[in-house]
Every structure is written in C-alpha cells, then in structure tokens.
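> Next up, upload-v5.txt (compact mmCIF, C-alpha atoms and all ligand atoms).
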# COMPACT_ATOMS: atom_id res chain seq x y z
CA MET A 46 -33.30 7.26 -0.04
CA ALA A 47 -33.67 11.00 0.65
CA ASP A 48 -32.20 12.09 3.97
CA VAL A 49 -35.48 13.61 5.21
CA PHE A 50 -34.42 13.81 8.85
CA GLY A 51 -30.87 15.09 8.35
CA PHE A 52 -29.14 11.95 9.59
CA ASP A 53 -26.12 12.66 7.38
CA ASN A 54 -25.51 15.99 9.10
CA PRO A 55 -23.48 15.98 12.26
CA VAL A 56 -25.28 17.16 15.39
CA LYS A 57 -22.95 19.55 17.24
CA ARG A 58 -22.01 17.57 20.31
CA ARG A 59 -18.35 18.41 20.87
CA HIS A 60 -17.92 21.01 23.65
CA HIS A 61 -21.65 20.90 24.46
CA ASN A 62 -21.57 19.06 27.77
CA TRP A 63 -22.33 15.62 26.33
CA ALA A 64 -20.84 12.81 28.41
CA LYS A 65 -19.76 10.87 25.33
CA TRP A 66 -18.11 13.84 23.65
CA ASP A 67 -15.93 14.98 26.54
CA VAL A 68 -12.81 14.04 24.56
CA ALA A 69 -9.92 15.80 22.83
CA ASP A 70 -10.68 17.68 19.61
CA ASP A 71 -9.04 15.09 17.38
CA GLU A 72 -10.70 12.12 19.11
CA LEU A 73 -13.83 10.30 17.97
CA PRO A 74 -16.04 8.71 20.67
CA MET A 75 -18.08 5.66 19.64
CA THR A 76 -18.74 4.54 23.20
CA ILE A 77 -21.82 5.52 25.22
CA ALA A 78 -25.13 4.19 23.89
CA ASP A 79 -26.71 7.40 22.68
CA MET A 80 -27.13 8.52 19.09
CA ASP A 81 -25.33 11.27 17.21
CA LEU A 82 -28.45 11.59 15.05
CA PRO A 83 -31.09 14.31 15.45
CA THR A 84 -34.18 13.03 17.24
CA SER A 85 -37.63 13.19 15.71
CA PRO A 86 -38.96 16.64 14.75
CA GLN A 87 -42.11 15.88 16.76
CA ILE A 88 -40.06 15.51 19.94
CA VAL A 89 -38.16 18.71 19.19
CA GLN A 90 -41.46 20.55 18.62
CA ALA A 91 -43.00 19.17 21.81
CA LEU A 92 -39.99 20.33 23.82
CA HIS A 93 -40.06 23.77 22.15
CA ASP A 94 -43.73 24.08 23.09
CA LYS A 95 -43.00 23.08 26.64
CA VAL A 96 -40.21 25.60 27.02
CA ALA A 97 -42.39 28.30 25.43
CA SER A 98 -45.10 27.66 28.03
CA ALA A 99 -42.86 29.48 30.54
CA THR A 100 -44.36 27.43 33.37
CA TYR A 101 -42.33 24.65 34.89
CA GLY A 102 -44.18 23.52 37.99
CA TYR A 103 -44.77 20.04 39.42
CA GLU A 104 -46.33 17.58 37.02
CA ASP A 105 -48.47 14.46 37.04
CA ILE A 106 -48.35 11.71 34.44
CA PRO A 107 -51.34 12.32 32.15
CA GLN A 108 -53.53 9.55 30.77
CA GLU A 109 -52.25 10.52 27.30
CA TYR A 110 -48.78 9.27 28.23
CA TYR A 111 -50.00 5.80 29.22
CA GLU A 112 -52.11 5.66 26.06
CA ALA A 113 -49.13 6.66 23.93
CA VAL A 114 -47.08 3.80 25.42
CA GLN A 115 -49.94 1.36 24.91
CA GLY A 116 -50.40 2.54 21.31
CA TRP A 117 -46.69 2.12 20.57
CA LEU A 118 -46.57 -1.42 21.96
CA THR A 119 -49.73 -2.34 20.09
CA ARG A 120 -48.57 -0.92 16.73
CA HIS A 121 -45.00 -2.16 16.83
CA HIS A 122 -44.98 -5.18 19.12
CA ARG A 123 -48.51 -6.63 18.94
CA PHE A 124 -48.88 -6.22 22.69
CA THR A 125 -51.62 -4.17 24.37
CA PRO A 126 -50.95 -4.01 28.09
CA PRO A 127 -53.72 -2.59 30.30
CA LEU A 128 -52.97 1.00 31.33
CA GLU A 129 -53.12 0.10 35.02
CA TRP A 130 -50.02 -2.07 34.66
CA MET A 131 -47.92 1.05 34.00
CA SER A 132 -46.01 3.27 36.42
CA PHE A 133 -43.59 6.07 35.60
CA ALA A 134 -39.99 6.23 36.82
CA THR A 135 -37.21 8.65 35.98
CA GLY A 136 -35.12 6.16 34.01
CA VAL A 137 -34.48 2.47 33.49
CA ILE A 138 -31.50 2.30 35.81
CA PRO A 139 -33.09 4.42 38.56
CA ALA A 140 -36.07 2.02 38.36
CA LEU A 141 -33.84 -1.06 38.42
CA SER A 142 -31.82 0.17 41.39
CA SER A 143 -35.00 1.04 43.25
CA LEU A 144 -36.51 -2.40 42.52
CA ILE A 145 -33.36 -4.04 43.80
CA ARG A 146 -33.59 -2.03 47.04
CA THR A 147 -37.32 -2.63 47.47
CA LEU A 148 -37.69 -6.25 46.43
CA THR A 149 -34.44 -7.86 47.58
CA THR A 150 -32.39 -7.82 50.77
CA VAL A 151 -28.78 -6.82 51.38
CA GLY A 152 -26.59 -9.82 50.56
CA ASP A 153 -29.05 -11.36 48.08
CA ASN A 154 -27.87 -12.53 44.67
CA VAL A 155 -29.03 -10.61 41.61
CA LEU A 156 -28.57 -12.98 38.70
CA MET A 157 -27.65 -11.74 35.20
CA LEU A 158 -26.50 -13.24 31.93
CA THR A 159 -22.99 -12.08 31.04
CA PRO A 160 -21.47 -10.36 29.15
CA VAL A 161 -24.05 -7.70 30.00
CA TYR A 162 -24.55 -3.94 30.31
CA ASN A 163 -22.09 -3.19 33.10
CA ILE A 164 -24.38 -0.85 35.04
CA PHE A 165 -26.50 -3.84 36.11
CA PHE A 166 -23.55 -4.94 38.20
CA ASN A 167 -23.26 -1.48 39.75
CA SER A 168 -26.98 -1.35 40.55
CA ALA A 169 -26.66 -4.57 42.51
CA ALA A 170 -23.25 -4.02 44.10
CA ASN A 171 -23.83 -0.37 45.04
CA ASN A 172 -26.88 -1.49 47.00
CA GLY A 173 -25.00 -4.20 48.86
CA ARG A 174 -26.42 -7.03 46.75
CA HIS A 175 -24.29 -9.63 45.10
CA PRO A 176 -24.19 -9.52 41.28
CA LEU A 177 -24.18 -13.16 40.25
CA ALA A 178 -23.10 -13.89 36.69
CA SER A 179 -24.41 -16.71 34.57
CA PRO A 180 -22.12 -16.55 31.53
CA LEU A 181 -23.80 -17.02 28.16
CA ASP A 182 -22.38 -19.86 26.09
CA TYR A 183 -20.45 -18.68 23.07
CA GLU A 184 -19.84 -20.73 19.95
CA ASN A 185 -16.57 -19.62 18.43
CA ALA A 186 -17.25 -20.97 14.95
CA SER A 187 -20.58 -19.20 14.43
CA HIS A 188 -19.91 -16.29 16.82
CA THR A 189 -23.26 -16.75 18.48
CA TYR A 190 -24.42 -16.68 22.07
CA SER A 191 -26.95 -18.87 23.83
CA ILE A 192 -28.22 -19.28 27.38
CA ASN A 193 -26.58 -21.93 29.55
CA TRP A 194 -29.76 -23.31 31.11
CA ALA A 195 -28.07 -25.67 33.53
CA ASP A 196 -26.05 -22.80 34.94
CA VAL A 197 -29.05 -20.47 35.12
CA GLU A 198 -31.09 -23.05 36.99
CA LYS A 199 -28.23 -23.88 39.36
CA LYS A 200 -27.88 -20.20 40.28
CA MET A 201 -31.61 -19.48 40.46
CA ALA A 202 -31.95 -22.35 42.88
CA LEU A 203 -29.57 -20.74 45.37
CA ALA A 204 -31.53 -19.58 48.40
CA ARG A 205 -29.90 -16.18 48.20
CA THR A 206 -30.95 -15.57 44.58
CA THR A 207 -34.07 -13.41 44.71
CA MET A 208 -33.93 -11.43 41.46
CA MET A 209 -32.84 -12.01 37.89
CA VAL A 210 -32.23 -9.07 35.58
CA VAL A 211 -32.76 -9.93 31.94
CA CYS A 212 -31.63 -7.66 29.10
CA ASN A 213 -34.18 -8.24 26.33
CA PRO A 214 -32.75 -7.82 23.72
CA HIS A 215 -29.32 -8.23 25.13
CA ASN A 216 -26.65 -5.53 25.30
CA PRO A 217 -23.85 -6.15 24.29
CA SER A 218 -24.25 -9.63 22.75
CA GLY A 219 -27.19 -8.63 20.52
CA LEU A 220 -28.98 -11.82 21.59
CA VAL A 221 -32.76 -11.70 21.11
CA PRO A 222 -34.44 -14.16 23.49
CA GLU A 223 -37.19 -16.20 21.87
CA PRO A 224 -40.59 -16.29 23.61
CA GLU A 225 -39.80 -19.82 24.77
CA ASP A 226 -36.51 -18.61 26.34
CA LEU A 227 -38.35 -15.93 28.28
CA ALA A 228 -41.06 -18.39 29.30
CA HIS A 229 -38.41 -20.81 30.55
CA ILE A 230 -36.72 -18.08 32.60
CA VAL A 231 -40.06 -17.08 34.14
CA ARG A 232 -41.00 -20.70 34.90
CA LEU A 233 -37.67 -21.31 36.63
CA ALA A 234 -38.04 -18.03 38.49
CA ARG A 235 -41.51 -19.02 39.73
CA GLN A 236 -40.19 -22.38 40.81
CA TYR A 237 -37.37 -20.83 42.84
CA GLY A 238 -39.14 -17.72 44.13
CA VAL A 239 -37.19 -15.24 41.99
CA ILE A 240 -38.48 -11.93 40.58
CA VAL A 241 -37.58 -11.30 36.94
CA VAL A 242 -36.85 -7.72 35.86
CA SER A 243 -36.64 -7.43 32.09
CA ASP A 244 -34.84 -4.34 30.76
CA GLU A 245 -36.30 -3.86 27.26
CA VAL A 246 -34.78 -0.51 26.41
CA HIS A 247 -33.27 -1.95 23.19
CA GLY A 248 -36.48 -3.72 22.15
CA ASP A 249 -37.38 -1.37 19.31
CA MET A 250 -34.19 -1.93 17.33
CA LEU A 251 -33.87 -5.32 15.66
CA TRP A 252 -31.95 -6.12 12.49
CA ASP A 253 -32.70 -9.77 11.88
CA ASP A 254 -36.01 -10.07 10.07
CA THR A 255 -36.41 -13.66 11.22
CA LEU A 256 -36.46 -12.62 14.88
CA ASP A 257 -38.86 -10.54 16.89
CA TYR A 258 -38.60 -8.79 20.21
CA THR A 259 -41.03 -10.27 22.73
CA PRO A 260 -42.17 -7.93 25.52
CA ILE A 261 -41.88 -10.25 28.50
CA LEU A 262 -45.33 -9.36 29.81
CA SER A 263 -46.88 -10.45 26.52
CA LEU A 264 -46.28 -14.02 27.72
CA PRO A 265 -49.56 -15.61 28.72
CA GLU A 266 -50.68 -16.17 32.28
CA PRO A 267 -49.50 -17.73 34.56
CA LEU A 268 -46.15 -16.34 33.41
CA ARG A 269 -46.70 -12.75 34.52
CA GLY A 270 -46.99 -12.70 38.29
CA ASN A 271 -43.32 -12.43 39.16
CA VAL A 272 -42.28 -10.28 36.21
CA ILE A 273 -41.41 -6.58 35.79
CA GLU A 274 -40.84 -5.01 32.38
CA LEU A 275 -38.93 -1.76 31.86
CA ILE A 276 -39.24 0.24 28.66
CA SER A 277 -38.10 3.71 27.68
CA PRO A 278 -37.94 5.94 24.61
CA SER A 279 -34.38 6.90 25.56
CA LYS A 280 -32.44 4.60 23.19
CA THR A 281 -34.92 4.39 20.32
CA PHE A 282 -35.50 8.14 20.12
CA ASN A 283 -32.18 9.41 21.40
CA CYS A 284 -33.68 11.25 24.34
CA ALA A 285 -31.86 9.68 27.31
CA ALA A 286 -31.59 13.01 29.13
CA THR A 287 -35.39 13.35 29.27
CA HIS A 288 -35.17 10.64 31.96
CA ALA A 289 -38.33 8.65 31.39
CA CYS A 290 -39.12 4.99 31.90
CA MET A 291 -42.36 3.05 31.98
CA VAL A 292 -42.47 0.17 34.43
CA LEU A 293 -45.03 -2.52 33.59
CA ILE A 294 -46.20 -4.90 36.31
CA ALA A 295 -49.27 -7.13 35.93
CA ASP A 296 -49.54 -8.34 39.52
CA PRO A 297 -51.26 -5.61 41.60
CA ASN A 298 -49.49 -6.48 44.86
CA LEU A 299 -46.06 -6.54 43.30
CA ARG A 300 -46.91 -3.26 41.56
CA ALA A 301 -47.99 -1.58 44.78
CA HIS A 302 -44.81 -2.71 46.47
CA ALA A 303 -42.59 -1.51 43.59
CA VAL A 304 -44.35 1.86 43.34
CA ARG A 305 -43.94 2.47 47.07
CA GLY A 306 -40.22 2.01 46.46
CA PHE A 307 -40.24 4.49 43.55
CA ASN A 308 -41.92 7.02 45.83
CA ASN A 309 -39.50 6.39 48.67
CA ASP A 310 -36.63 6.83 46.26
CA GLU A 311 -38.25 9.98 44.80
CA ILE A 312 -38.08 8.71 41.22
CA ALA A 313 -41.81 8.76 40.48
CA GLU A 314 -42.13 12.36 39.28
CA PRO A 315 -41.19 13.58 35.81
CA ASN A 316 -38.96 16.50 34.96
CA LEU A 317 -40.43 19.02 32.51
CA THR A 318 -39.21 17.18 29.39
CA ALA A 319 -40.20 13.58 30.21
CA VAL A 320 -43.92 13.75 29.46
CA PRO A 321 -43.93 15.82 26.24
CA ALA A 322 -40.93 13.98 24.79
CA SER A 323 -42.29 10.52 25.57
CA ILE A 324 -45.75 11.25 24.18
CA ALA A 325 -44.28 12.77 21.01
CA ALA A 326 -41.98 9.75 20.66
CA TYR A 327 -44.47 7.00 21.18
CA ARG A 328 -47.49 8.63 19.53
CA ASP A 329 -46.17 10.87 16.76
CA SER A 330 -42.75 9.68 15.58
CA ASP A 331 -43.33 6.48 13.58
CA GLU A 332 -42.01 7.98 10.37
CA TRP A 333 -38.75 9.10 12.00
CA TYR A 334 -38.48 5.67 13.67
CA ALA A 335 -38.73 3.83 10.34
CA ALA A 336 -36.12 6.10 8.75
CA MET A 337 -33.78 5.74 11.75
CA LEU A 338 -34.03 1.94 11.59
CA SER A 339 -33.05 1.77 7.95
CA TYR A 340 -30.22 4.29 8.44
CA VAL A 341 -28.69 2.50 11.43
CA ARG A 342 -29.12 -0.89 9.76
CA ALA A 343 -27.00 0.39 6.86
CA ASN A 344 -24.35 1.56 9.35
CA ILE A 345 -24.19 -1.90 10.88
CA GLU A 346 -23.86 -3.46 7.43
CA LEU A 347 -21.05 -1.04 6.65
CA VAL A 348 -19.22 -2.15 9.80
CA ASN A 349 -19.69 -5.82 8.93
CA ASP A 350 -18.56 -5.40 5.31
CA THR A 351 -15.55 -3.26 6.16
CA LEU A 352 -14.32 -5.59 8.87
CA ALA A 353 -14.67 -8.64 6.63
CA ARG A 354 -12.76 -6.91 3.85
CA GLU A 355 -10.09 -4.98 5.72
CA MET A 356 -9.75 -6.38 9.26
CA PRO A 357 -10.40 -10.11 8.96
CA LEU A 358 -9.08 -10.87 12.45
CA ILE A 359 -11.97 -8.91 14.00
CA THR A 360 -15.35 -10.61 13.59
CA PRO A 361 -18.61 -8.91 14.40
CA VAL A 362 -21.04 -11.04 16.35
CA LYS A 363 -24.19 -11.21 14.24
CA MET A 364 -26.13 -8.29 15.68
CA ALA A 365 -29.79 -9.23 15.86
CA ALA A 366 -30.46 -6.13 17.97
CA THR A 367 -29.01 -2.89 19.42
CA TYR A 368 -26.88 -0.33 17.60
CA LEU A 369 -23.78 -1.50 19.46
CA PRO A 370 -21.74 -3.87 17.29
CA TRP A 371 -19.94 -6.37 19.49
CA LEU A 372 -16.65 -7.20 17.85
CA ASP A 373 -14.84 -10.43 18.56
CA CYS A 374 -11.07 -9.81 18.56
CA THR A 375 -10.11 -13.31 19.75
CA ASP A 376 -8.38 -14.16 16.46
CA LEU A 377 -6.51 -10.88 16.48
CA PHE A 378 -5.16 -11.45 19.99
CA ALA A 379 -4.32 -15.08 19.19
CA ALA A 380 -2.30 -14.07 16.13
CA HIS A 381 -0.88 -10.89 17.69
CA PRO A 382 -0.85 -11.26 21.48
CA SER A 383 -0.48 -8.23 23.67
CA SER A 384 2.59 -8.11 25.86
CA PRO A 385 2.60 -8.82 28.68
CA VAL A 386 -0.16 -11.28 27.86
CA SER A 387 -3.35 -10.54 29.76
CA SER A 388 -5.99 -12.24 27.70
CA VAL A 389 -8.24 -14.12 30.09
CA SER A 390 -7.52 -14.27 33.78
CA PRO A 391 -8.28 -17.75 35.16
CA ASP A 392 -11.25 -16.81 37.29
CA TYR A 393 -12.57 -14.23 34.89
CA GLN A 394 -15.81 -16.09 34.35
CA SER A 395 -16.17 -16.59 38.05
CA THR A 396 -19.73 -16.46 39.24
CA GLU A 397 -18.58 -14.34 42.13
CA VAL A 398 -17.21 -11.32 40.33
CA GLU A 399 -17.08 -8.08 42.23
CA ALA A 400 -18.72 -5.48 40.04
CA LEU A 401 -16.45 -2.57 40.72
CA ASP A 402 -13.23 -4.49 40.74
CA ARG A 403 -12.82 -6.15 37.39
CA PRO A 404 -9.60 -7.59 36.02
CA HIS A 405 -7.60 -5.65 33.47
CA THR A 406 -7.95 -7.49 30.18
CA VAL A 407 -6.48 -7.49 26.72
CA SER A 408 -9.58 -5.57 25.58
CA ASP A 409 -8.48 -2.70 27.86
CA GLU A 410 -5.02 -2.79 26.36
CA PHE A 411 -6.37 -2.84 22.84
CA THR A 412 -8.85 0.01 23.37
CA ALA A 413 -6.15 2.13 25.02
CA PHE A 414 -3.89 1.35 22.05
CA ILE A 415 -6.63 2.32 19.59
CA ARG A 416 -7.22 5.62 21.38
CA GLN A 417 -3.52 6.39 21.46
CA THR A 418 -2.82 5.47 17.83
CA SER A 419 -5.92 6.77 16.04
CA GLY A 420 -7.96 8.78 18.54
CA LEU A 421 -10.90 6.38 18.29
CA LEU A 422 -12.74 5.56 21.51
CA VAL A 423 -14.56 2.23 21.82
CA ASN A 424 -15.58 0.23 24.89
CA PRO A 425 -13.36 -2.62 26.13
CA GLY A 426 -15.42 -5.81 26.23
CA GLY A 427 -14.00 -6.67 29.65
CA GLU A 428 -16.37 -4.03 31.08
CA TYR A 429 -19.25 -6.38 30.48
CA PHE A 430 -17.77 -9.49 32.13
CA GLY A 431 -18.58 -12.97 30.75
CA ASN A 432 -16.32 -13.67 27.78
CA GLY A 433 -15.96 -9.95 27.02
CA ALA A 434 -12.20 -9.86 27.66
CA THR A 435 -11.42 -10.35 23.97
CA PHE A 436 -14.17 -8.13 22.54
CA ILE A 437 -14.73 -4.45 21.90
CA ARG A 438 -18.04 -2.57 21.55
CA MET A 439 -18.72 0.31 19.18
CA ALA A 440 -21.86 2.51 19.09
CA VAL A 441 -22.86 3.26 15.48
CA ALA A 442 -26.12 5.24 15.61
CA CYS A 443 -24.45 8.23 14.00
CA PRO A 444 -23.97 9.90 10.59
CA ARG A 445 -22.52 7.56 7.97
CA HIS A 446 -19.36 9.59 7.53
CA GLN A 447 -18.69 9.17 11.26
CA VAL A 448 -18.85 5.38 10.92
CA GLU A 449 -16.49 5.64 7.94
CA ASP A 450 -14.10 7.79 9.98
CA ALA A 451 -14.30 5.33 12.90
CA LEU A 452 -13.56 2.36 10.65
CA ALA A 453 -10.63 4.15 9.01
CA ARG A 454 -9.21 4.91 12.46
CA LEU A 455 -9.80 1.34 13.61
CA LYS A 456 -8.00 0.04 10.53
CA ARG A 457 -5.01 2.27 11.29
CA SER A 458 -4.79 0.97 14.83
CA TYR A 459 -5.42 -2.62 13.74
CA ASP A 460 -2.51 -2.49 11.25
CA LEU A 461 -0.22 -0.96 13.87
CA TRP A 462 -1.26 -3.54 16.47
CA CYS A 463 -0.46 -6.35 14.01
CA GLU A 464 2.89 -4.75 13.22
CA GLN A 465 3.88 -4.19 16.82
CA HIS A 466 2.64 -7.40 18.48
C1 LIG B 501 -29.50 -2.25 28.61
C2 LIG B 501 -29.56 -0.83 29.06
N1 LIG B 501 -30.38 -0.48 30.07
C3 LIG B 501 -30.47 0.80 30.50
C4 LIG B 501 -29.71 1.80 29.93
C5 LIG B 501 -29.82 3.18 30.46
O1 LIG B 501 -31.16 3.51 30.69
P1 LIG B 501 -31.56 4.86 31.44
O2 LIG B 501 -30.77 5.97 30.80
O3 LIG B 501 -33.04 4.99 31.20
O4 LIG B 501 -31.25 4.71 32.89
C6 LIG B 501 -28.83 1.47 28.89
C7 LIG B 501 -27.96 2.50 28.29
O5 LIG B 501 -27.04 2.22 27.59
C8 LIG B 501 -28.77 0.14 28.43
O6 LIG B 501 -27.97 -0.22 27.42
Let's see the structure in the file written out as structure tokens.
Ligand SMILES: Cc1ncc(COP(=O)(O)O)c(C=O)c1O


Amino acid sequence: MADVFGFDNPVKRRHHNWAKWDVADDELPMTIADMDLPTSPQIVQALHDKVASATYGYEDIPQEYYEAVQGWLTRHHRFTPPLEWMSFATGVIPALSSLIRTLTTVGDNVLMLTPVYNIFFNSAANNGRHPLASPLDYENASHTYSINWADVEKKMALARTTMMVVCNPHNPSGLVPEPEDLAHIVRLARQYGVIVVSDEVHGDMLWDDTLDYTPILSLPEPLRGNVIELISPSKTFNCAATHACMVLIADPNLRAHAVRGFNNDEIAEPNLTAVPASIAAYRDSDEWYAAMLSYVRANIELVNDTLAREMPLITPVKMAATYLPWLDCTDLFAAHPSSPVSSVSPDYQSTEVEALDRPHTVSDEFTAFIRQTSGLLVNPGGEYFGNGATFIRMAVACPRHQVEDALARLKRSYDLWCEQH
C-alpha cells in the first residue's frame, strides 16, 4: 500500500523537547504512549490556520466541536450521544483527577483493574484517596486476561469504595470489555453506590475483528446514571499536547456536579490548539485514521512474528487493542532468573498497594539490562501493578524501520540475558 501519509519517514523528535525522546543519541525510546508518526494533514492545516490568525485570546467550545465528537462516535462506534451530555476538559487525566476530587472524599477507595495505566494510581493517591487494586485473572496457557468478578464485587461492596476507574479498552493488558462486562460493572456499581469513570482514550484502536469497543454510555438505561465516559483524540491522532478531552455524562445532576469541579480546578477552558485540532481530527481525518490503523496493525504483527521466531521465551499477550504490546517474559525469567531473584514479591498483588511506592521487580531489572546492553527503552511491567512484574510494555505506533530496530536491539539484549543468567 502506498505510504500516502509518510508513516515510513521518521518525524524529527530527538532533541525537540519531547518527553519520550529525552534520551541519549544512541538510545531508542519505545515507552510513552504517543506516536512517532505524523498526525493527519487536516490537523496540521487547522493548527497552521490557527497560528496564522495571529489572535490567541480566550476561547469557548463551539457547537462544531460537540458535533464533530458526535459525528465521530456515530460513524465509527454506532453511538450518537446527545450534545448536552458533553463537557470539555483539558485532558483525560486532568478530568479524572478532578472527578476524584469532586465526587469522592479523602480516604475513599478508588477501585481499578490491574495491571493498569499507572497514572490512575497517582490520580487517586496524590489526592489522598486509596487506589484499590482488583487484579485481573491471567491464564498462563492462553496468555489472556479476564475480570475476577468475585474480587470486584467484594471490593465494590466496601463502604469506602466510591469510584471505580475502568480502562476501556484496557492499557496495558489489551483487554476489550464486552458490553455485558461493562453492564455488569455498572449494575454492581449501582448496587453499591459507586460511580464508574470509563477512560476510553484507546477505544479507536482495535486489532481483533471479532471484538468491538463499546462506549460505556451506549449501554441502555438504566445503566447510565452513575457513569462518566472520557474520550480524547490524543492517542488516536497523536495530538496529546493539544490537551483536549470530552467528558460524557448522561445524568444532569452528576454532570452539573462534575462540571463545577472542572471549573474549580480551572480545566474547563481550551488552549489555542485544542478546538481546531479536535475538530479536524474527529470531523476531517477518517482517511488518515484508516491508514494509521492498518500501518500500526502491521507493526503489531511484526512484533508478534519476530518474537515467536527469534525470542520464544517472550510471549506477546494477544493485543485486541492499544498500540502497546504487552510482552509476557515469565518463561524467560523462569529459564534465566535474574540474580538476586526478585520476581514476585509476596504481597505484590496486595489490594492495598501504595501507588508511589511500588516494589522493585524483575521487570525493572530486565528493562535496565535492555537499556544498558542495547540502548532500547521499554516500560517495566511492574509499573502497572497486578501481575505486571514479569512483563514489559513497548509502544509501536512508529515507522516500521523503528520497530525493526527495536526488535533487533531487544534480540541482542535477550541473547545476552540468556547467556548471563
Ligand atoms: C489509559 C490512558 N488514559 C489517559 C492517558 C493520558 O491522557 P491525557 O494525555 O489526555 O491526560 C493515557 C496515556 O498514555 C492512557 O494510556
């Protein structure tokens, strides 16, 4: 397929103030979840036009923005939420942290399914709430995750549990909750007086044609009253620094309460890029989106094929969603243990983990070893709690040659690890 959007060409990110690329010249970062691919030409044009306007005053959110979001959800996810459900916030995590402050009390439990995007823990813990983990079940033979319903219910039923944060689809496990899973979570949450916040920032990127992303608010009534859905163009369109999130809430009272919090926290007003970029993304960039999906899908297949062929002791979890392959190194560490052994600390799956004080795991040792021996940077799975201690995570929304380089480096480190351990 012709490379219409220049995905094969590296975007210059080294030495350009990008968080991910603040590394030595011979190092290759495959860590933070942003893309090394150029965003859609429509977004670039919209931002050019904005800059050329030479006027950067205070802005409102125009009707066009809400309509663009509605159009996107209708075209791609068969979901047409009323415009009045939507409120703007300056990012998914700013919105989540604000919701935690507004809708829960200091000392409350914020429940989440682990392993999960580590910043959820910070959002809870930094606000004096207690991040409460419900570890996903993991089947070693099939390398698949599922929800441990008994554990979820037990923890939802705790008087102190007032919010559950769902990652739909799930980073880093790639799990795509079925509509019935989401409905069950919402039913339990209603029963126990819990608010469900569903972070759906990865919802536009699915790789398993038998599965579909379900926007949580597309569930029928009465499964909407205690639910908040967060979406953003930031992952799908590689525009995280435009800082834009749409918060969808069906219940008017809950919405009013949440929006008062966004205003108190001063996260309800856009910067000069948020509106033009989001409209151009959601309304005008379908062609780029389709091309990006097929490009990134091929990258994920390349990772899977190369690991199976050349690094059989590392097994990718079947990624139904996200561009963040989640690589199970359990067999590698069993055959070639690190020394001193630090695989799984006994209380690692504790439900009372302190977010900012996680145990050092073999995944930290392995990722440090990889960086030292081949200059490749990947995330240690221990960052995400749950059973992450024996996993690593690698972001692969980048030019193909970069994935090839990363895999060659990983192979070098893998061989050395096997030799030395
Ligand atoms: C699940 C999830 N939520 C939120 C974010 C960040 O969102 P934002 O930049 O809008 O705060 C990320 C980034 O990696 C993510 O993976």

> May I ask you to write as a PyMOL selection string all residues lying at most 6 Å from ligand LIG 501 (chain B), with all atoms listed in the file counted?

chain A and resi 78+136-139+162+212+216+244+246+285

> Within 12 Å of Gly248 in chain A, counting all atoms listed in the file, which residues qualify if same-chain residues fewer than 3 places away don't, as a ChimeraX atom specification?

/A:117-118,121-122,212-216,219-222,243-245,251-252,256-261,274-281,365-368

> Measuring atom to atom with only C-alpha atoms, identify which of A:Asn62, A:Phe166, A:Ser323, A:Gly431 is nearest to Glu109 in chain A.

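Among A:Asn62, A:Phe166, A:Ser323, A:Gly431, it is A:Ser323 that comes nearest to Glu109 in chain A.
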
> Select, from A:Asp373, A:Asp81, A:Asp70, A:Glu314, the residue with the minimum atom-to-atom distance to Val56 in chain A, counting all atoms listed in the file.

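Nearest candidate to Val56 in chain A out of A:Asp373, A:Asp81, A:Asp70, A:Glu314: A:Asp81.
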
> Just want the 8 Å neighbourhood of range 377-379 of chain A, counted on all atoms listed in the file, with same-chain residues fewer than 3 positions away dropped. Output as a PyMOL selection string.

chain A and resi 358-359+374+382-383+388+407+435+463

> So which residues touch Tyr334 in chain A within 9 Å, counting all atoms listed in the file, skipping near sequence neighbours fewer than 5 positions away, as a PDB file with C-alpha atoms, in the frame of the given file?


ATOM      1  CA  SER A  85     -37.630  13.190  15.710  1.00  0.00           C
ATOM      2  CA  THR A 281     -34.920   4.390  20.320  1.00  0.00           C
ATOM      3  CA  PHE A 282     -35.500   8.140  20.120  1.00  0.00           C
ATOM      4  CA  ALA A 326     -41.980   9.750  20.660  1.00  0.00           C
ATOM      5  CA  SER A 339     -33.050   1.770   7.950  1.00  0.00           C
TER       6      SER A 339
END

> Between A:Thr100, A:Thr84, A:Gln108, A:Asn193, single out the one closest to Ile324 in chain A, counting all atoms listed in the file.

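Smallest distance to Ile324 in chain A is found for A:Gln108.
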
> In Å, how far is it from CA of Pro126 in chain A to CA of Arg235 in chain A?

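We find that CA of Pro126 in chain A and CA of Arg235 in chain A lie 21.2 Å from each other.
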
> Can you measure CA of Glu223 in chain A to CA of Thr189 in chain A for me? One decimal in Å is fine.

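Computing it gives 14.3 Å between the two atoms.
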
> Quote the spacing between CA of Asn432 in chain A and CA of Val151 in chain A in Å to one decimal place.

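These atoms are spaced 27.6 Å apart.
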
> Quick one: residues within 9 Å of Glu129 in chain A, only C-alpha atoms counted, chain neighbours fewer than 3 positions away excluded, as an mmCIF file with C-alpha atoms, keeping the file's coordinate frame?


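Output saved as around_21.cif:
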data_model
loop_
_atom_site.group_PDB
_atom_site.id
_atom_site.type_symbol
_atom_site.label_atom_id
_atom_site.label_comp_id
_atom_site.auth_asym_id
_atom_site.auth_seq_id
_atom_site.Cartn_x
_atom_site.Cartn_y
_atom_site.Cartn_z
ATOM 1 C CA TYR A 111 -50.000 5.800 29.220
ATOM 2 C CA PRO A 126 -50.950 -4.010 28.090
ATOM 3 C CA SER A 132 -46.010 3.270 36.420
ATOM 4 C CA LEU A 293 -45.030 -2.520 33.590
ATOM 5 C CA ILE A 294 -46.200 -4.900 36.310
ATOM 6 C CA ALA A 295 -49.270 -7.130 35.930
ATOM 7 C CA PRO A 297 -51.260 -5.610 41.600
#

> Give the answer as one residue: which of A:Val320, A:Ile145, A:Ala99, A:Met337 has the shortest atom-to-atom distance to Ala303 in chain A, using only C-alpha atoms?

A:Ile145

> Using all atoms listed in the file, which of A:Cys443, A:Cys284, A:Ala228, A:Ala204 sits nearest Leu268 in chain A?

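Under the stated criterion, the closest residue is A:Ala228.
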
> Taking only C-alpha atoms into account, name the residue in A:Thr135, A:Thr418, A:Thr287, A:Thr159 that is nearest to Phe430 in chain A.

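Residue with the minimum atom-to-atom distance to Phe430 in chain A: A:Thr159.
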